[in-house]
>>> print(open('my_file20.cif').read())   # mmCIF, C-alpha atoms and all ligand atoms
data_run
#
loop_
_atom_site.group_PDB
_atom_site.id
_atom_site.type_symbol
_atom_site.label_atom_id
_atom_site.label_comp_id
_atom_site.auth_asym_id
_atom_site.auth_seq_id
_atom_site.Cartn_x
_atom_site.Cartn_y
_atom_site.Cartn_z
ATOM 1 C CA ARG A 167 -21.875 41.834 -4.975
ATOM 2 C CA TYR A 168 -23.327 39.296 -7.392
ATOM 3 C CA ALA A 169 -24.634 35.771 -7.190
ATOM 4 C CA TYR A 170 -25.461 33.320 -9.960
ATOM 5 C CA ALA A 171 -29.006 31.887 -9.879
ATOM 6 C CA ASN A 172 -31.593 30.712 -12.397
ATOM 7 C CA GLY A 173 -29.063 30.989 -15.213
ATOM 8 C CA ARG A 174 -28.096 34.632 -14.608
ATOM 9 C CA PHE A 175 -25.805 36.875 -12.627
ATOM 10 C CA VAL A 176 -27.977 38.865 -10.230
ATOM 11 C CA PRO A 177 -27.276 41.269 -7.369
ATOM 12 C CA HIS A 178 -26.639 39.084 -4.327
ATOM 13 C CA ASN A 179 -29.547 40.520 -2.320
ATOM 14 C CA GLN A 180 -31.991 39.792 -5.154
ATOM 15 C CA ALA A 181 -30.922 36.208 -5.850
ATOM 16 C CA SER A 182 -33.605 33.711 -4.908
ATOM 17 C CA VAL A 183 -34.701 30.149 -5.561
ATOM 18 C CA HIS A 184 -38.128 28.605 -6.087
ATOM 19 C CA ILE A 185 -40.134 27.615 -2.990
ATOM 20 C CA GLU A 186 -40.465 24.080 -4.377
ATOM 21 C CA ASP A 187 -36.798 23.638 -5.167
ATOM 22 C CA ARG A 188 -35.961 20.118 -3.951
ATOM 23 C CA GLY A 189 -32.869 21.468 -2.253
ATOM 24 C CA TYR A 190 -35.085 23.661 -0.106
ATOM 25 C CA GLN A 191 -37.683 20.968 0.638
ATOM 26 C CA PHE A 192 -35.573 17.792 0.846
ATOM 27 C CA ALA A 193 -31.902 18.864 0.890
ATOM 28 C CA ASP A 194 -31.868 16.939 -2.408
ATOM 29 C CA GLY A 195 -28.633 18.376 -3.721
ATOM 30 C CA VAL A 196 -24.886 18.710 -3.388
ATOM 31 C CA TYR A 197 -22.349 21.492 -3.049
ATOM 32 C CA GLU A 198 -18.719 22.460 -3.392
ATOM 33 C CA VAL A 199 -16.608 25.032 -1.588
ATOM 34 C CA VAL A 200 -13.747 25.961 -3.905
ATOM 35 C CA PRO A 201 -10.988 28.055 -2.329
ATOM 36 C CA VAL A 202 -9.647 31.191 -3.969
ATOM 37 C CA HIS A 203 -6.168 32.262 -2.898
ATOM 38 C CA GLN A 204 -4.748 35.576 -4.096
ATOM 39 C CA GLY A 205 -7.214 35.596 -6.976
ATOM 40 C CA HIS A 206 -6.382 32.030 -8.089
ATOM 41 C CA VAL A 207 -8.836 29.156 -7.925
ATOM 42 C CA VAL A 208 -7.153 26.406 -5.884
ATOM 43 C CA ASP A 209 -7.436 22.759 -7.015
ATOM 44 C CA GLU A 210 -10.232 23.573 -9.469
ATOM 45 C CA GLU A 211 -10.134 20.240 -11.319
ATOM 46 C CA PRO A 212 -10.316 17.987 -8.239
ATOM 47 C CA HIS A 213 -13.189 20.101 -6.864
ATOM 48 C CA LEU A 214 -15.107 19.730 -10.129
ATOM 49 C CA ASP A 215 -14.268 15.990 -10.167
ATOM 50 C CA ARG A 216 -15.813 15.682 -6.715
ATOM 51 C CA LEU A 217 -18.893 17.698 -7.728
ATOM 52 C CA GLU A 218 -19.392 15.436 -10.735
ATOM 53 C CA ARG A 219 -19.024 12.354 -8.559
ATOM 54 C CA SER A 220 -21.436 13.608 -5.861
ATOM 55 C CA LEU A 221 -24.027 14.364 -8.567
ATOM 56 C CA ALA A 222 -23.550 10.993 -10.274
ATOM 57 C CA GLU A 223 -24.038 9.152 -6.964
ATOM 58 C CA LEU A 224 -27.434 10.878 -6.623
ATOM 59 C CA ARG A 225 -28.278 10.581 -10.338
ATOM 60 C CA ILE A 226 -28.537 14.343 -10.790
ATOM 61 C CA ASP A 227 -27.250 15.629 -14.152
ATOM 62 C CA MET A 228 -24.423 18.167 -14.344
ATOM 63 C CA PRO A 229 -26.212 21.560 -14.588
ATOM 64 C CA MET A 230 -23.823 22.639 -17.374
ATOM 65 C CA THR A 231 -20.507 21.479 -18.775
ATOM 66 C CA ARG A 232 -17.347 21.677 -16.695
ATOM 67 C CA HIS A 233 -16.063 24.358 -19.015
ATOM 68 C CA ALA A 234 -19.220 26.438 -18.460
ATOM 69 C CA LEU A 235 -18.976 25.953 -14.681
ATOM 70 C CA LYS A 236 -15.466 27.376 -14.837
ATOM 71 C CA LEU A 237 -16.573 30.329 -16.947
ATOM 72 C CA VAL A 238 -19.424 31.170 -14.573
ATOM 73 C CA SER A 239 -17.292 30.862 -11.431
ATOM 74 C CA HIS A 240 -14.448 32.914 -12.918
ATOM 75 C CA GLU A 241 -16.892 35.619 -13.980
ATOM 76 C CA LEU A 242 -18.343 35.700 -10.444
ATOM 77 C CA ILE A 243 -14.836 36.044 -8.987
ATOM 78 C CA ARG A 244 -14.202 38.929 -11.386
ATOM 79 C CA ARG A 245 -17.487 40.726 -10.680
ATOM 80 C CA ASN A 246 -17.076 40.347 -6.919
ATOM 81 C CA VAL A 247 -13.365 41.257 -6.969
ATOM 82 C CA LEU A 248 -12.717 38.148 -4.875
ATOM 83 C CA THR A 249 -9.081 37.809 -3.793
ATOM 84 C CA ASN A 250 -9.104 35.421 -0.813
ATOM 85 C CA GLY A 251 -12.032 33.249 0.172
ATOM 86 C CA PHE A 252 -14.166 30.765 -1.660
ATOM 87 C CA ILE A 253 -16.743 30.070 -4.344
ATOM 88 C CA TYR A 254 -19.823 28.212 -3.103
ATOM 89 C CA MET A 255 -21.548 26.085 -5.764
ATOM 90 C CA GLN A 256 -24.810 24.292 -5.121
ATOM 91 C CA VAL A 257 -26.709 21.979 -7.433
ATOM 92 C CA THR A 258 -30.119 20.550 -6.565
ATOM 93 C CA ARG A 259 -32.389 18.138 -8.409
ATOM 94 C CA GLY A 260 -34.528 21.122 -9.399
ATOM 95 C CA VAL A 261 -38.081 22.358 -8.958
ATOM 96 C CA ALA A 262 -41.081 19.982 -8.772
ATOM 97 C CA PRO A 263 -44.247 19.510 -6.682
ATOM 98 C CA ARG A 264 -43.261 17.921 -3.363
ATOM 99 C CA ASP A 265 -42.969 14.140 -3.666
ATOM 100 C CA HIS A 266 -40.066 12.093 -2.323
ATOM 101 C CA LYS A 267 -39.219 10.035 -5.384
ATOM 102 C CA PHE A 268 -37.347 11.566 -8.336
ATOM 103 C CA PRO A 269 -39.767 13.738 -10.359
ATOM 104 C CA LYS A 270 -40.977 12.188 -13.615
ATOM 105 C CA SER A 271 -40.945 15.663 -15.167
ATOM 106 C CA LYS A 272 -37.107 15.567 -15.054
ATOM 107 C CA PRO A 273 -36.661 19.198 -13.964
ATOM 108 C CA ARG A 274 -33.475 21.006 -14.902
ATOM 109 C CA PRO A 275 -30.917 20.784 -12.044
ATOM 110 C CA ALA A 276 -30.792 24.145 -10.247
ATOM 111 C CA LEU A 277 -27.349 25.719 -9.990
ATOM 112 C CA THR A 278 -26.560 28.594 -7.645
ATOM 113 C CA MET A 279 -23.194 30.189 -6.961
ATOM 114 C CA THR A 280 -22.010 32.756 -4.446
ATOM 115 C CA THR A 281 -18.588 33.938 -3.317
ATOM 116 C CA ARG A 282 -17.314 34.923 0.073
ATOM 117 C CA GLN A 283 -14.248 36.978 0.931
ATOM 118 C CA LEU A 284 -12.425 35.671 4.031
ATOM 119 C CA PRO A 285 -9.674 37.415 5.998
ATOM 120 C CA ALA A 286 -6.342 35.569 6.070
ATOM 121 C CA LYS A 287 -5.627 33.836 9.398
ATOM 122 C CA SER A 288 -3.624 36.115 11.686
ATOM 123 C CA GLU A 289 -0.308 35.077 13.271
ATOM 124 C CA ALA A 290 -2.053 35.170 16.658
ATOM 125 C CA GLN A 291 -4.779 32.753 15.488
ATOM 126 C CA LEU A 292 -2.135 30.425 14.069
ATOM 127 C CA GLU A 293 -0.047 30.578 17.236
ATOM 128 C CA GLN A 294 -3.122 29.801 19.336
ATOM 129 C CA GLY A 295 -4.342 26.998 17.064
ATOM 130 C CA PHE A 296 -7.837 25.519 17.169
ATOM 131 C CA ALA A 297 -9.536 23.872 20.122
ATOM 132 C CA VAL A 298 -11.782 20.918 19.316
ATOM 133 C CA ILE A 299 -14.344 18.920 21.229
ATOM 134 C CA THR A 300 -15.311 15.349 20.465
ATOM 135 C CA ALA A 301 -18.918 14.396 19.751
ATOM 136 C CA PRO A 302 -20.702 11.268 18.500
ATOM 137 C CA ASP A 303 -20.822 10.950 14.698
ATOM 138 C CA GLN A 304 -24.575 10.969 14.058
ATOM 139 C CA ARG A 305 -24.412 11.185 10.254
ATOM 140 C CA TRP A 306 -25.609 8.787 7.558
ATOM 141 C CA LYS A 307 -23.498 6.091 5.895
ATOM 142 C CA ARG A 308 -22.629 8.031 2.712
ATOM 143 C CA CYS A 309 -20.550 10.918 4.043
ATOM 144 C CA ASP A 310 -18.415 10.642 0.873
ATOM 145 C CA ILE A 311 -21.205 12.489 -0.996
ATOM 146 C CA LYS A 312 -20.960 16.253 -0.455
ATOM 147 C CA SER A 313 -24.670 16.556 0.288
ATOM 148 C CA ILE A 314 -26.294 19.807 1.405
ATOM 149 C CA ALA A 315 -28.060 17.827 4.169
ATOM 150 C CA LEU A 316 -25.849 18.960 7.055
ATOM 151 C CA LEU A 317 -27.959 18.819 10.238
ATOM 152 C CA PRO A 318 -25.626 16.541 12.239
ATOM 153 C CA ASN A 319 -22.668 18.703 11.171
ATOM 154 C CA ILE A 320 -24.504 21.874 12.202
ATOM 155 C CA LEU A 321 -25.407 20.453 15.613
ATOM 156 C CA ALA A 322 -21.817 19.312 16.233
ATOM 157 C CA LYS A 323 -20.402 22.713 15.207
ATOM 158 C CA GLN A 324 -22.889 24.488 17.449
ATOM 159 C CA GLN A 325 -21.930 22.238 20.355
ATOM 160 C CA ALA A 326 -18.277 23.133 19.705
ATOM 161 C CA ALA A 327 -19.092 26.852 19.572
ATOM 162 C CA GLU A 328 -21.027 26.675 22.832
ATOM 163 C CA ALA A 329 -17.963 25.038 24.422
ATOM 164 C CA GLY A 330 -15.846 27.945 23.167
ATOM 165 C CA CYS A 331 -14.193 25.684 20.579
ATOM 166 C CA ASP A 332 -13.595 25.864 16.840
ATOM 167 C CA GLU A 333 -14.480 22.395 15.590
ATOM 168 C CA ALA A 334 -15.945 19.055 16.665
ATOM 169 C CA TRP A 335 -14.190 15.766 15.938
ATOM 170 C CA LEU A 336 -16.790 13.112 15.265
ATOM 171 C CA ILE A 337 -16.429 9.705 16.931
ATOM 172 C CA ASP A 338 -17.842 6.551 15.321
ATOM 173 C CA ALA A 339 -19.280 3.452 17.040
ATOM 174 C CA ASP A 340 -15.765 1.920 17.309
ATOM 175 C CA GLY A 341 -14.421 4.954 19.190
ATOM 176 C CA ASN A 342 -12.480 6.200 16.165
ATOM 177 C CA VAL A 343 -12.331 9.778 14.903
ATOM 178 C CA THR A 344 -13.957 9.922 11.474
ATOM 179 C CA GLU A 345 -13.401 13.613 10.672
ATOM 180 C CA GLY A 346 -14.432 17.086 11.807
ATOM 181 C CA ALA A 347 -17.899 18.559 11.263
ATOM 182 C CA ALA A 348 -16.510 20.444 8.222
ATOM 183 C CA THR A 349 -12.824 19.427 8.097
ATOM 184 C CA ASN A 350 -10.602 16.335 7.842
ATOM 185 C CA ALA A 351 -8.733 15.148 10.937
ATOM 186 C CA TRP A 352 -5.026 14.354 11.315
ATOM 187 C CA ILE A 353 -2.642 13.487 14.157
ATOM 188 C CA VAL A 354 1.114 13.040 14.558
ATOM 189 C CA THR A 355 2.107 10.053 16.713
ATOM 190 C CA PRO A 356 4.922 10.155 19.313
ATOM 191 C CA ASP A 357 7.164 8.376 16.733
ATOM 192 C CA LYS A 358 6.508 11.219 14.243
ATOM 193 C CA LYS A 359 4.122 9.422 11.880
ATOM 194 C CA VAL A 360 1.373 11.506 10.354
ATOM 195 C CA VAL A 361 -1.959 9.673 10.479
ATOM 196 C CA THR A 362 -5.278 10.335 8.745
ATOM 197 C CA ARG A 363 -8.221 8.071 8.134
ATOM 198 C CA GLN A 364 -8.825 6.297 4.819
ATOM 199 C CA ALA A 365 -11.327 8.002 2.510
ATOM 200 C CA ASP A 366 -14.200 5.519 2.638
ATOM 201 C CA HIS A 367 -17.963 6.148 2.936
ATOM 202 C CA ALA A 368 -17.511 7.450 6.522
ATOM 203 C CA ILE A 369 -15.797 10.709 5.523
ATOM 204 C CA LEU A 370 -15.774 13.363 2.865
ATOM 205 C CA PRO A 371 -12.703 12.922 0.670
ATOM 206 C CA GLY A 372 -11.287 16.387 1.277
ATOM 207 C CA ILE A 373 -9.504 18.100 -1.591
ATOM 208 C CA THR A 374 -7.093 19.742 0.851
ATOM 209 C CA ARG A 375 -6.473 16.255 2.303
ATOM 210 C CA LEU A 376 -5.781 14.942 -1.211
ATOM 211 C CA SER A 377 -3.384 17.792 -2.043
ATOM 212 C CA LEU A 378 -1.560 17.428 1.245
ATOM 213 C CA THR A 379 -1.116 13.648 0.872
ATOM 214 C CA LYS A 380 0.371 14.237 -2.603
ATOM 215 C CA LEU A 381 2.677 16.932 -1.276
ATOM 216 C CA MET A 382 3.801 14.608 1.532
ATOM 217 C CA ALA A 383 4.531 11.771 -0.902
ATOM 218 C CA ARG A 384 6.571 14.145 -3.101
ATOM 219 C CA GLU A 385 8.544 15.532 -0.195
ATOM 220 C CA GLY A 386 9.148 12.161 1.490
ATOM 221 C CA TYR A 387 6.996 12.523 4.622
ATOM 222 C CA GLU A 388 5.782 9.309 6.215
ATOM 223 C CA LEU A 389 2.012 8.952 6.166
ATOM 224 C CA GLU A 390 -0.200 6.273 7.679
ATOM 225 C CA ILE A 391 -3.671 6.040 6.209
ATOM 226 C CA ARG A 392 -5.726 4.336 8.929
ATOM 227 C CA PRO A 393 -8.385 5.047 11.554
ATOM 228 C CA PHE A 394 -7.210 6.470 14.872
ATOM 229 C CA SER A 395 -9.118 6.431 18.138
ATOM 230 C CA LYS A 396 -10.064 9.336 20.373
ATOM 231 C CA GLU A 397 -7.555 7.972 22.949
ATOM 232 C CA GLU A 398 -4.763 7.941 20.381
ATOM 233 C CA ALA A 399 -5.651 11.529 19.462
ATOM 234 C CA MET A 400 -5.559 12.604 23.118
ATOM 235 C CA ASN A 401 -2.042 11.107 23.364
ATOM 236 C CA ALA A 402 -0.794 12.465 20.044
ATOM 237 C CA THR A 403 2.138 14.888 19.973
ATOM 238 C CA GLU A 404 0.468 17.026 17.318
ATOM 239 C CA ALA A 405 -2.954 17.323 15.740
ATOM 240 C CA PHE A 406 -4.317 19.371 12.867
ATOM 241 C CA LEU A 407 -7.226 19.688 10.481
ATOM 242 C CA THR A 408 -7.546 20.441 6.782
ATOM 243 C CA SER A 409 -10.222 22.126 4.702
ATOM 244 C CA SER A 410 -10.599 24.514 1.807
ATOM 245 C CA THR A 411 -11.251 27.423 4.155
ATOM 246 C CA ASN A 412 -8.615 26.583 6.801
ATOM 247 C CA HIS A 413 -5.848 25.009 4.675
ATOM 248 C CA VAL A 414 -3.804 23.243 7.389
ATOM 249 C CA MET A 415 -4.744 24.414 10.889
ATOM 250 C CA PRO A 416 -2.972 23.291 14.093
ATOM 251 C CA ILE A 417 -5.117 21.872 16.897
ATOM 252 C CA THR A 418 -3.804 22.655 20.361
ATOM 253 C CA LYS A 419 -6.631 21.340 22.556
ATOM 254 C CA ILE A 420 -8.912 18.302 22.438
ATOM 255 C CA ASP A 421 -11.763 18.210 24.974
ATOM 256 C CA GLY A 422 -9.976 20.841 27.050
ATOM 257 C CA GLN A 423 -6.679 18.902 27.229
ATOM 258 C CA PRO A 424 -3.557 20.289 25.569
ATOM 259 C CA VAL A 425 -2.210 18.404 22.542
ATOM 260 C CA GLY A 426 1.530 17.740 23.071
ATOM 261 C CA ASN A 427 2.995 20.856 24.680
ATOM 262 C CA GLY A 428 -0.162 22.858 23.946
ATOM 263 C CA HIS A 429 1.441 24.782 21.070
ATOM 264 C CA PRO A 430 1.074 24.188 17.312
ATOM 265 C CA GLY A 431 3.231 21.220 16.308
ATOM 266 C CA ILE A 432 6.499 21.695 14.416
ATOM 267 C CA LEU A 433 5.574 19.164 11.719
ATOM 268 C CA THR A 434 2.099 20.718 11.441
ATOM 269 C CA LEU A 435 3.547 24.174 10.825
ATOM 270 C CA LYS A 436 6.000 22.783 8.261
ATOM 271 C CA LEU A 437 3.139 21.101 6.412
ATOM 272 C CA ARG A 438 1.039 24.256 6.568
ATOM 273 C CA GLU A 439 3.857 26.324 5.131
ATOM 274 C CA ALA A 440 4.546 23.815 2.358
ATOM 275 C CA TYR A 441 0.841 23.609 1.518
ATOM 276 C CA VAL A 442 0.274 27.364 1.437
ATOM 277 C CA GLU A 443 3.400 27.820 -0.698
ATOM 278 C CA GLN A 444 2.138 25.392 -3.320
ATOM 279 C CA VAL A 445 -1.357 26.927 -3.686
ATOM 280 C CA VAL A 446 -0.125 30.417 -4.621
HETATM 281 N N1 LIG B 501 -16.245 21.611 4.250
HETATM 282 N N2 LIG B 501 -15.117 16.984 5.845
HETATM 283 C C1 LIG B 501 -16.308 17.609 5.799
HETATM 284 C C2 LIG B 501 -17.478 16.977 6.478
HETATM 285 C C3 LIG B 501 -16.419 18.835 5.120
HETATM 286 O O1 LIG B 501 -17.608 19.463 5.065
HETATM 287 C C4 LIG B 501 -15.266 19.401 4.505
HETATM 288 C C5 LIG B 501 -15.343 20.695 3.745
HETATM 289 C C6 LIG B 501 -14.049 18.721 4.595
HETATM 290 C C7 LIG B 501 -12.787 19.237 3.969
HETATM 291 O O2 LIG B 501 -12.834 19.124 2.548
HETATM 292 P P1 LIG B 501 -12.048 20.136 1.589
HETATM 293 O O3 LIG B 501 -10.608 20.018 1.931
HETATM 294 O O4 LIG B 501 -12.357 19.635 0.226
HETATM 295 O O5 LIG B 501 -12.590 21.507 1.866
HETATM 296 C C8 LIG B 501 -14.020 17.503 5.264
HETATM 297 C C9 LIG B 501 -16.500 22.822 3.528
HETATM 298 C C10 LIG B 501 -15.318 23.740 3.509
HETATM 299 C C11 LIG B 501 -17.766 23.457 4.073
HETATM 300 O O6 LIG B 501 -18.722 22.718 4.265
HETATM 301 O O7 LIG B 501 -17.803 24.670 4.272
#
>>> encode(input="my_file20.cif", output="structure tokens")
Amino acid sequence: RYAYANGRFVPHNQASVHIEDRGYQFADGVYEVVPVHQGHVVDEEPHLDRLERSLAELRIDMPMTRHALKLVSHELIRRNVLTNGFIYMQVTRGVAPRDHKFPKSKPRPALTMTTRQLPAKSEAQLEQGFAVITAPDQRWKRCDIKSIALLPNILAKQQAAEAGCDEAWLIDADGNVTEGAATNAWIVTPDKKVVTRQADHAILPGITRLSLTKLMAREGYELEIRPFSKEEAMNATEAFLTSSTNHVMPITKIDGQPVGNGHPGILTLKLREAYVEQVV
């Protein structure tokens, strides 16, 4: 297996970064997780759009052109014989002696890339769905930037794992669900409306979320873009999450209570099928 680091393809176990990389010292960088489905890169352009935007918000230059980023990632997919999984891209502000403010030396942004093969979800996993817990949203006020600073997300995921669950839904000061620790959150109301929160500074604008909203508009599904509370989620007939690594995943339990009849929702499974069909 190969990784891309310091401008070269290197064996994965020999890839390393500098001890004074600002990503390592300050989490001064951003990342992307780009899904690969049956050898195809899914939603490549919107992922690169988001990477460019995250970098611009932090005033870090693109490490190379978009075209070059595509060439490097495609070459890594080829070398690693990646069929299903994802490409991980990380860009940091670069290497400089430790000092909080942006370095005057203007270091070159440091790009690293790895790939990961993931098994497809089994029928049993799908039939069981995910269980989520709720936890306070302890993150900063710019969650729209895909920053590598992920401590609150890590702590929430760990709390979910220790509760035997798959994800944590984060609750803001108003009692609303913002999103999951690494996924976007959706519910279906008793009158069959699909609801997901608006993409403001409180959440990451998920690419899977974007694709699914477009698919829903095309196929005539009703969608309400608005915040929903934890209570509304507990009383929803269906719930699901979206992310590059999970596509559309049914949620069957919230804080130990079954969602609807405790089985994956019918609308959820229809949306999952439609989504998966369009990415191949
Ligand atoms: N997580 N919200 C958060 C906080 C995320 O970290 C992610 C992605 C999403 C879903 O976005 P997308 O559909 O573009 O994957 C929402 C990635 C997969 C991760 O950190 O591993």
>>> residues_around(input="my_file20.cif", residues="A:Gly195", least_positions_apart="3", cutoff="10 Å", atoms="all atoms listed in the file", output="list in words")
Asp187, Arg188, Gly189, Tyr190, Phe192, Ser220, Leu221, Leu224, Ile226, Gln256, Val257, Thr258, Arg259, Gly260, Pro275, Ala276, Leu277, Ile311, Lys312, Ser313, Ile314 and Ala315 of chain A
>>> closest_residue(input="my_file20.cif", among="A:Asn427, A:Thr231, A:Thr249, A:Ser288", to="A:Leu217", atoms="all atoms listed in the file")
A:Thr231
>>> residues_near_ligand(input="my_file20.cif", ligand="ligand LIG 501 (chain B)", cutoff="7 Å", atoms="all atoms listed in the file", output="number ranges by chain")
A: 199, 345-350, 369-375, 408-411
>>> residues_around(input="my_file20.cif", residues="stretch 322-325 of chain A", least_positions_apart="6", cutoff="10 Å", atoms="only C-alpha atoms", output="PDB file with C-alpha atoms, in the coordinates of the input")
ATOM      1  CA  VAL A 298     -11.782  20.918  19.316  1.00  0.00           C
ATOM      2  CA  ILE A 299     -14.344  18.920  21.229  1.00  0.00           C
ATOM      3  CA  THR A 300     -15.311  15.349  20.465  1.00  0.00           C
ATOM      4  CA  ALA A 301     -18.918  14.396  19.751  1.00  0.00           C
ATOM      5  CA  PRO A 302     -20.702  11.268  18.500  1.00  0.00           C
ATOM      6  CA  ASP A 303     -20.822  10.950  14.698  1.00  0.00           C
ATOM      7  CA  GLN A 304     -24.575  10.969  14.058  1.00  0.00           C
ATOM      8  CA  CYS A 331     -14.193  25.684  20.579  1.00  0.00           C
ATOM      9  CA  ASP A 332     -13.595  25.864  16.840  1.00  0.00           C
ATOM     10  CA  GLU A 333     -14.480  22.395  15.590  1.00  0.00           C
ATOM     11  CA  ALA A 334     -15.945  19.055  16.665  1.00  0.00           C
ATOM     12  CA  TRP A 335     -14.190  15.766  15.938  1.00  0.00           C
ATOM     13  CA  LEU A 336     -16.790  13.112  15.265  1.00  0.00           C
ATOM     14  CA  GLY A 346     -14.432  17.086  11.807  1.00  0.00           C
ATOM     15  CA  ALA A 347     -17.899  18.559  11.263  1.00  0.00           C
ATOM     16  CA  ALA A 348     -16.510  20.444   8.222  1.00  0.00           C
TER      17      ALA A 348
END
>>> residues_near_point(input="my_file20.cif", point="(-11.1, 28.8, -10.7)", cutoff="7 Å", atoms="only C-alpha atoms", output="list in words")
His206, Val207, Val208, Glu210, Lys236, Ser239 and His240 of chain A
>>> closest_residue(input="my_file20.cif", among="A:Arg363, A:Lys436, A:Arg219, A:His178", to="A:Leu381", atoms="only C-alpha atoms")
A:Lys436
>>> atom_distance(input="my_file20.cif", atom1="atom CA of A:Ile417", atom2="atom CA of A:His429")
8.3 Å
>>> residues_around(input="my_file20.cif", residues="A:Ala181", least_positions_apart="3", cutoff="7 Å", atoms="all atoms listed in the file", output="PDB file with C-alpha atoms, keeping the file's coordinate frame")
ATOM      1  CA  ALA A 169     -24.634  35.771  -7.190  1.00  0.00           C
ATOM      2  CA  ALA A 171     -29.006  31.887  -9.879  1.00  0.00           C
ATOM      3  CA  VAL A 176     -27.977  38.865 -10.230  1.00  0.00           C
ATOM      4  CA  PRO A 177     -27.276  41.269  -7.369  1.00  0.00           C
ATOM      5  CA  HIS A 178     -26.639  39.084  -4.327  1.00  0.00           C
TER       6      HIS A 178
END
>>> axis_aligned_box(input="my_file20.cif", around="stretch 342-357 of chain A", padding_each_side="8 Å", output="AutoDock Vina command-line options")
--center_x -5.4 --center_y 13.3 --center_z 13.6 --size_x 41.1 --size_y 30.2 --size_z 27.5
>>> closest_residue(input="my_file20.cif", among="A:Phe175, A:Phe296, A:Tyr168, A:Phe394", to="A:Thr344", atoms="all atoms listed in the file")
A:Phe394
>>> resolve_selection(input="my_file20.cif", expression="the PyMOL selection byres (((chain A and resi 305) around 9) and not hetatm)", output="number ranges by chain")
A: 303-304, 306-309, 316-319, 368
>>> write_last_selection(input="my_file20.cif", atoms="C-alpha atoms", output="PDB file, in the frame of the given file")
ATOM      1  CA  ASP A 303     -20.822  10.950  14.698  1.00  0.00           C
ATOM      2  CA  GLN A 304     -24.575  10.969  14.058  1.00  0.00           C
ATOM      3  CA  TRP A 306     -25.609   8.787   7.558  1.00  0.00           C
ATOM      4  CA  LYS A 307     -23.498   6.091   5.895  1.00  0.00           C
ATOM      5  CA  ARG A 308     -22.629   8.031   2.712  1.00  0.00           C
ATOM      6  CA  CYS A 309     -20.550  10.918   4.043  1.00  0.00           C
ATOM      7  CA  LEU A 316     -25.849  18.960   7.055  1.00  0.00           C
ATOM      8  CA  LEU A 317     -27.959  18.819  10.238  1.00  0.00           C
ATOM      9  CA  PRO A 318     -25.626  16.541  12.239  1.00  0.00           C
ATOM     10  CA  ASN A 319     -22.668  18.703  11.171  1.00  0.00           C
ATOM     11  CA  ALA A 368     -17.511   7.450   6.522  1.00  0.00           C
TER      12      ALA A 368
END
>>> closest_residue(input="my_file20.cif", among="A:Arg274, A:Thr281, A:Asp340, A:Asp209", to="A:Arg167", atoms="only C-alpha atoms")
A:Thr281
>>> closest_residue(input="my_file20.cif", among="A:Pro229, A:Gly422, A:Gly431, A:Pro273", to="A:Val261", atoms="all atoms listed in the file")
A:Pro273
>>> closest_residue(input="my_file20.cif", among="A:Ala440, A:Ile185, A:Leu435, A:Ile353", to="A:Arg264", atoms="all atoms listed in the file")
A:Ile185
>>> atom_distance(input="my_file20.cif", atom1="atom CA of A:Gln364", atom2="atom CA of A:Glu385")
20.3 Å
>>> atom_distance(input="my_file20.cif", atom1="atom CA of A:Ser271", atom2="atom CA of A:Asp194")
15.7 Å
>>> residues_around(input="my_file20.cif", residues="A:Thr355", least_positions_apart="2", cutoff="9 Å", atoms="only C-alpha atoms", output="list in words")
Ile353, Asp357, Lys358, Lys359, Val360, Val361, Glu398, Ala399, Asn401, Ala402, Thr403, Glu404 and Ala405 of chain A
>>> residues_around(input="my_file20.cif", residues="A:Phe252", least_positions_apart="3", cutoff="7 Å", atoms="all atoms listed in the file", output="JSON, numbers by chain")
{"A": [199, 200, 201, 202, 281, 282, 283]}
>>> build_atoms(input="my_file20.cif", residues="stretch 221-227 of chain A", atoms="N, CA, C and O atoms", output="JSON list (two decimals), in the frame of the given file")
[["chain", "number", "residue", "atom", "x", "y", "z"],
["A", 221, "LEU", "N", -22.81, 14.32, -7.75],
["A", 221, "LEU", "CA", -24.03, 14.36, -8.57],
["A", 221, "LEU", "C", -24.35, 12.99, -9.14],
["A", 221, "LEU", "O", -25.49, 12.53, -9.09],
["A", 222, "ALA", "N", -23.33, 12.30, -9.66],
["A", 222, "ALA", "CA", -23.55, 10.99, -10.27],
["A", 222, "ALA", "C", -24.09, 10.00, -9.24],
["A", 222, "ALA", "O", -24.99, 9.21, -9.55],
["A", 223, "GLU", "N", -23.57, 10.06, -8.01],
["A", 223, "GLU", "CA", -24.04, 9.15, -6.96],
["A", 223, "GLU", "C", -25.53, 9.36, -6.68],
["A", 223, "GLU", "O", -26.20, 8.44, -6.24],
["A", 224, "LEU", "N", -26.02, 10.58, -6.89],
["A", 224, "LEU", "CA", -27.43, 10.88, -6.62],
["A", 224, "LEU", "C", -28.26, 10.91, -7.91],
["A", 224, "LEU", "O", -29.45, 11.24, -7.88],
["A", 225, "ARG", "N", -27.62, 10.58, -9.02],
["A", 225, "ARG", "CA", -28.28, 10.58, -10.34],
["A", 225, "ARG", "C", -28.92, 11.94, -10.66],
["A", 225, "ARG", "O", -30.05, 12.04, -11.13],
["A", 226, "ILE", "N", -28.16, 13.00, -10.36],
["A", 226, "ILE", "CA", -28.54, 14.34, -10.79],
["A", 226, "ILE", "C", -27.58, 14.69, -11.93],
["A", 226, "ILE", "O", -26.38, 14.42, -11.83],
["A", 227, "ASP", "N", -28.11, 15.27, -13.02],
["A", 227, "ASP", "CA", -27.25, 15.63, -14.15],
["A", 227, "ASP", "C", -26.38, 16.83, -13.80],
["A", 227, "ASP", "O", -26.77, 17.67, -12.98]]
